[in-house]
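Engineer: This one is target-v6.txt, compact mmCIF, C-alpha atoms.
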# COMPACT_ATOMS: atom_id res chain seq x y z
CA MET F 1 65.05 -24.82 34.76
CA ASN F 2 65.09 -24.57 30.94
CA LYS F 3 64.26 -28.29 30.66
CA LYS F 4 61.15 -27.81 32.84
CA ILE F 5 59.92 -24.91 30.69
CA ILE F 6 60.48 -26.88 27.48
CA LEU F 7 58.66 -29.89 28.96
CA ILE F 8 55.70 -27.74 30.08
CA LEU F 9 55.52 -26.02 26.66
CA GLY F 10 55.63 -29.41 24.94
CA ILE F 11 52.74 -30.69 27.07
CA VAL F 12 50.71 -27.52 26.40
CA ILE F 13 51.27 -27.85 22.64
CA VAL F 14 50.19 -31.51 22.66
CA VAL F 15 47.03 -30.69 24.64
CA VAL F 16 46.12 -27.81 22.28
CA VAL F 17 46.69 -29.93 19.14
CA MET F 18 44.58 -32.78 20.58
CA GLY F 19 41.80 -30.33 21.51
CA VAL F 20 41.73 -28.81 18.03
CA SER F 21 41.71 -32.29 16.46
CA VAL F 22 38.78 -33.41 18.61
CA PHE F 23 36.91 -30.19 17.77
CA PHE F 24 37.32 -30.72 14.00
CA PHE F 25 36.45 -34.41 14.27
CA ILE F 26 33.19 -33.65 16.10
CA ASN F 27 32.24 -30.86 13.66
CA ASN F 28 32.97 -32.99 10.58
CA LYS F 29 30.90 -35.87 11.95
CA SER F 30 27.86 -33.60 12.42
CA ASP F 31 28.23 -32.15 8.89
CA GLU F 32 28.38 -35.49 7.06
CA LYS F 33 25.52 -36.05 4.65
CA GLN F 34 23.91 -39.43 4.24
CA LEU F 35 24.07 -40.85 0.72
CA ASN F 36 21.06 -42.38 -0.97
CA PRO F 37 21.31 -46.13 -1.37
CA PRO F 38 22.13 -47.38 -4.90
CA ASN F 39 18.51 -48.42 -5.56
CA ASP F 40 17.37 -44.80 -5.21
CA ILE F 41 19.82 -43.75 -7.91
CA ILE F 42 18.81 -46.57 -10.26
CA GLU F 43 15.08 -45.88 -9.79
CA ASN F 44 15.55 -42.18 -10.53
CA TYR F 45 17.46 -42.68 -13.81
CA ASN F 46 15.24 -41.92 -16.79
CA ILE F 47 16.01 -41.93 -20.49
CA ASP F 48 13.91 -39.67 -22.68
CA ASN F 49 14.38 -41.07 -26.19
CA ASN F 50 12.33 -38.31 -27.81
CA ASN F 51 14.83 -35.63 -26.80
CA ASN F 52 17.92 -37.87 -26.80
CA LYS F 53 18.82 -36.56 -23.33
CA ASN F 54 19.57 -38.45 -20.14
CA GLU F 55 18.38 -37.07 -16.84
CA ILE F 56 19.46 -38.21 -13.42
CA ASN F 57 17.25 -37.23 -10.52
CA ASN F 58 19.16 -37.49 -7.27
CA GLY F 59 17.58 -35.80 -4.28
CA GLY F 60 15.36 -33.64 -6.49
CA GLU F 61 18.23 -32.20 -8.55
CA ASN F 62 18.14 -32.79 -12.34
CA MET F 63 21.35 -33.14 -14.30
CA GLU F 64 20.69 -32.97 -18.04
CA GLU F 65 23.13 -34.36 -20.59
CA ARG F 66 23.89 -31.50 -22.97
CA LYS F 67 24.57 -32.06 -26.67
CA LEU F 68 26.61 -30.10 -29.18
CA VAL F 69 26.23 -30.34 -32.97
CA LEU F 70 29.33 -30.10 -35.14
CA MET F 71 28.90 -29.59 -38.90
CA ILE F 72 32.11 -30.61 -40.66
CA ASN F 73 32.23 -30.89 -44.48
CA ASN F 74 28.44 -31.29 -44.64
CA GLN F 75 28.60 -34.09 -42.06
CA LYS F 76 26.64 -33.72 -38.83
CA LEU F 77 28.28 -35.05 -35.66
CA THR F 78 26.96 -34.80 -32.12
CA ALA F 79 28.98 -34.55 -28.95
CA THR F 80 28.17 -34.98 -25.30
CA LEU F 81 29.32 -31.93 -23.37
CA SER F 82 31.21 -32.00 -20.07
CA ASP F 83 29.96 -30.35 -16.89
CA ASN F 84 32.12 -27.32 -16.08
CA SER F 85 32.00 -23.51 -16.22
CA SER F 86 33.78 -23.50 -19.60
CA VAL F 87 30.93 -25.51 -21.15
CA ASP F 88 28.33 -23.36 -19.39
CA ALA F 89 29.87 -20.24 -20.97
CA LEU F 90 30.11 -21.94 -24.39
CA VAL F 91 26.45 -22.99 -24.22
CA ASP F 92 25.48 -19.40 -23.34
CA LYS F 93 27.36 -18.18 -26.46
CA LEU F 94 25.74 -20.87 -28.62
CA LYS F 95 22.27 -19.79 -27.44
CA GLN F 96 23.01 -16.52 -29.28
CA GLY F 97 23.73 -18.42 -32.51
CA ALA F 98 26.05 -20.88 -34.21
CA ILE F 99 29.82 -20.44 -34.01
CA THR F 100 31.99 -20.97 -37.11
CA ILE F 101 35.64 -21.89 -36.58
CA LYS F 102 38.37 -22.31 -39.19
CA MET F 103 40.56 -25.14 -37.89
CA ASN F 104 44.03 -26.32 -38.89
CA ASP F 105 46.07 -29.45 -38.22
CA TYR F 106 48.56 -29.32 -35.40
CA ALA F 107 51.20 -31.96 -34.54
CA ASN F 108 49.38 -34.78 -36.38
CA MET F 109 46.97 -35.21 -33.47
CA GLU F 110 44.43 -32.39 -33.53
CA LYS F 111 42.55 -29.68 -35.40
CA VAL F 112 42.69 -26.31 -33.66
CA GLY F 113 41.01 -22.96 -34.29
CA THR F 114 40.41 -19.66 -32.52
CA LEU F 115 36.96 -19.11 -31.03
CA GLY F 116 37.13 -15.31 -31.31
CA PHE F 117 36.30 -14.92 -27.60
CA ARG F 118 37.54 -16.24 -24.25
CA LEU F 119 35.94 -18.86 -22.03
CA PRO F 120 36.79 -19.63 -18.40
CA ARG F 121 39.45 -22.33 -18.07
CA ASN F 122 39.14 -25.53 -16.05
CA ASP F 123 42.53 -26.98 -16.92
CA GLU F 124 43.55 -30.33 -15.51
CA SER F 125 46.09 -32.93 -16.47
CA ILE F 126 44.30 -35.23 -18.91
CA ALA F 127 45.01 -37.82 -21.58
CA THR F 128 43.06 -37.01 -24.73
CA GLY F 129 41.77 -39.43 -27.32
CA ALA F 130 40.07 -39.32 -30.69
CA GLY F 131 36.89 -37.25 -30.52
CA ASP F 132 37.77 -35.24 -27.42
CA LEU F 133 36.73 -31.59 -27.61
CA ILE F 134 39.14 -29.33 -25.75
CA LEU F 135 39.44 -25.67 -24.79
CA TYR F 136 43.07 -24.58 -25.08
CA GLN F 137 44.28 -21.44 -23.30
CA GLY F 138 40.74 -20.13 -22.97
CA ASN F 139 40.27 -19.11 -26.59
CA SER F 140 41.05 -22.06 -28.88
CA PHE F 141 38.72 -24.92 -29.76
CA VAL F 142 40.42 -28.27 -30.40
CA ILE F 143 39.18 -31.55 -31.85
CA TYR F 144 41.58 -34.38 -31.07
CA TYR F 145 41.92 -37.24 -33.52
CA ASP F 146 44.89 -38.82 -31.72
CA HIS F 147 46.32 -39.04 -28.20
CA ASN F 148 47.98 -36.35 -26.11
CA ASN F 149 48.71 -35.68 -22.43
CA TRP F 150 48.59 -32.09 -21.21
CA ASN F 151 46.87 -29.60 -18.89
CA LEU F 152 43.68 -28.83 -20.80
CA THR F 153 39.99 -28.07 -20.31
CA LYS F 154 37.72 -30.84 -21.56
CA LEU F 155 34.58 -29.54 -23.24
CA GLY F 156 33.14 -32.89 -24.32
CA LYS F 157 33.49 -35.87 -26.64
CA ILE F 158 32.11 -36.58 -30.10
CA ASP F 159 29.58 -39.41 -30.00
CA ASN F 160 29.88 -42.70 -31.88
CA VAL F 161 32.84 -42.03 -34.17
CA SER F 162 36.03 -44.03 -34.51
CA GLN F 163 39.47 -42.51 -34.88
CA SER F 164 39.70 -43.47 -38.58
CA GLU F 165 36.19 -42.11 -39.31
CA LEU F 166 37.03 -38.85 -37.55
CA LYS F 167 40.32 -38.43 -39.45
CA LYS F 168 38.44 -38.97 -42.72
CA ILE F 169 35.73 -36.43 -41.79
CA LEU F 170 38.29 -33.80 -40.70
CA GLY F 171 40.47 -34.38 -43.77
CA ASN F 172 43.92 -32.93 -44.37
CA GLY F 173 44.71 -29.23 -43.99
CA SER F 174 42.22 -26.65 -42.84
CA VAL F 175 38.54 -27.32 -42.25
CA THR F 176 35.57 -25.16 -41.24
CA VAL F 177 33.54 -26.41 -38.29
CA VAL F 178 30.17 -24.97 -37.29
CA LEU F 179 29.09 -25.47 -33.67
CA SER F 180 25.46 -25.27 -32.54
CA LEU F 181 23.19 -26.69 -29.87
CA GLU F 182 21.01 -29.70 -30.53
Could you spell out this file's structure in structure tokens?
Structural biologist:
Amino acid sequence: MNKKIILILGIVIVVVVMGVSVFFFINNKSDEKQLNPPNDIIENYNIDNNNNKNEINNGGENMEERKLVLMINNQKLTATLSDNSSVDALVDKLKQGAITIKMNDYANMEKVGTLGFRLPRNDESIATGAGDLILYQGNSFVIYYDHNNWNLTKLGKIDNVSQSELKKILGNGSVTVVLSLE
């Protein structure tokens, strides 16, 4: 008698699992969105050289490439910002005015300084390289001039600068960096 009950319960469980699977399969098929063909994306890509911003129009939604200005030892560098809530919060702060950060060397791979306020974190396991701008623990701004692997929030990357150029610009010891929007 116990074998019959176990067999019946097994059949019921299989039927319920199959029913739930079919239900989710049907619902996911009806929710799928159709992607635009590649030609639509290519046709909607515009470069505005006057503002040095790239815009991608995909389905009526504009994504604008945001730029950050870094003044380091009277040298102006620009950086392309990432797209995350940390950058959104940083841009909101920068709209109120420039941010000055005293930065120091750390571990022969980065300059790090305290922002003086917290930003939301979007940490993920990443490999950094020269020119990467990083948010560390929500309140420290980091400029990498060498490689590292860690759970960090990427804020952006400095444009058109080599590792040796960046090391020269940052110099040895502490440096003051002024951040502003382009």
Engineer: Can you work out which one of F:Ala127, F:Asp132, F:Gly171, F:Met71 has the shortest atom-to-atom distance to Trp150 (chain F), counting only C-alpha atoms?
Structural biologist: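 Selected residue with least distance to Trp150 (chain F): F:Ala127.
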Engineer: Grab the CA of Val178 (chain F) to CA of Ile143 (chain F) distance for me, in Å with one decimal place.
Structural biologist: 12.4 Å
Engineer: Give me the residues near Tyr106 (chain F) as a list in words, where near means some atom within 12 Å (using all atoms listed in the file) and where sequence neighbours in that chain fewer than 4 positions away do not count.
Structural biologist: Glu110, Lys111, Val112, Gly113, Val142, Ile143, Tyr144, Tyr145, Asp146, Asn148, Asn172, Gly173 and Ser174 of chain F
Engineer: When distances are computed from all atoms listed in the file, which of F:Lys3, F:His147, F:Lys154, F:Lys102 shows the smallest separation from Asn84 (chain F)?
Structural biologist: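 For Asn84 (chain F), the nearest of the given residues is F:Lys154.
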Engineer: Select, from F:Ile72, F:Ala107, F:Ile8, F:Leu115, the residue with the minimum atom-to-atom distance to Lys168 (chain F), counting all atoms listed in the file.
Structural biologist: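 For Lys168 (chain F), the nearest of the given residues is F:Ile72.
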Engineer: I'd like the interatomic distance between CA of Lys95 (chain F) and CA of Ile169 (chain F), to a tenth of an Å.
Structural biologist: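 These atoms are spaced 25.8 Å apart.
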Engineer: Residues at most 7 Å from Ser86 (chain F), counting only C-alpha atoms, excluding those fewer than 6 positions away in the same chain, as a list in words?
Structural biologist: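 The residues satisfying every condition are Leu119, Pro120, Arg121 and Asn122 of chain F.
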Engineer: I want to know what sits within 9 Å of Ser82 (chain F), based on all atoms listed in the file, with residues of the same chain fewer than 3 positions away left out; could you give that as a PyMOL selection string?
Structural biologist: chain F and resi 65-66+86-87+154-157
Engineer: Just to confirm, what's the straight-line distance from CA of Thr78 (chain F) to CA of Asn149 (chain F) in Å (one decimal)?
Structural biologist: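 Atom-to-atom, CA of Thr78 (chain F) to CA of Asn149 (chain F), that is 23.8 Å.
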Engineer: Please write out, as AutoDock Vina command-line options, where the centre of an axis-aligned box around all listed atoms of region 103-106 of chain F lies and how long its edges are, in Å to one decimal, after adding 3 Å on each side.
Structural biologist:
--center_x 44.6 --center_y -27.3 --center_z -37.1 --size_x 14.0 --size_y 10.3 --size_z 9.5
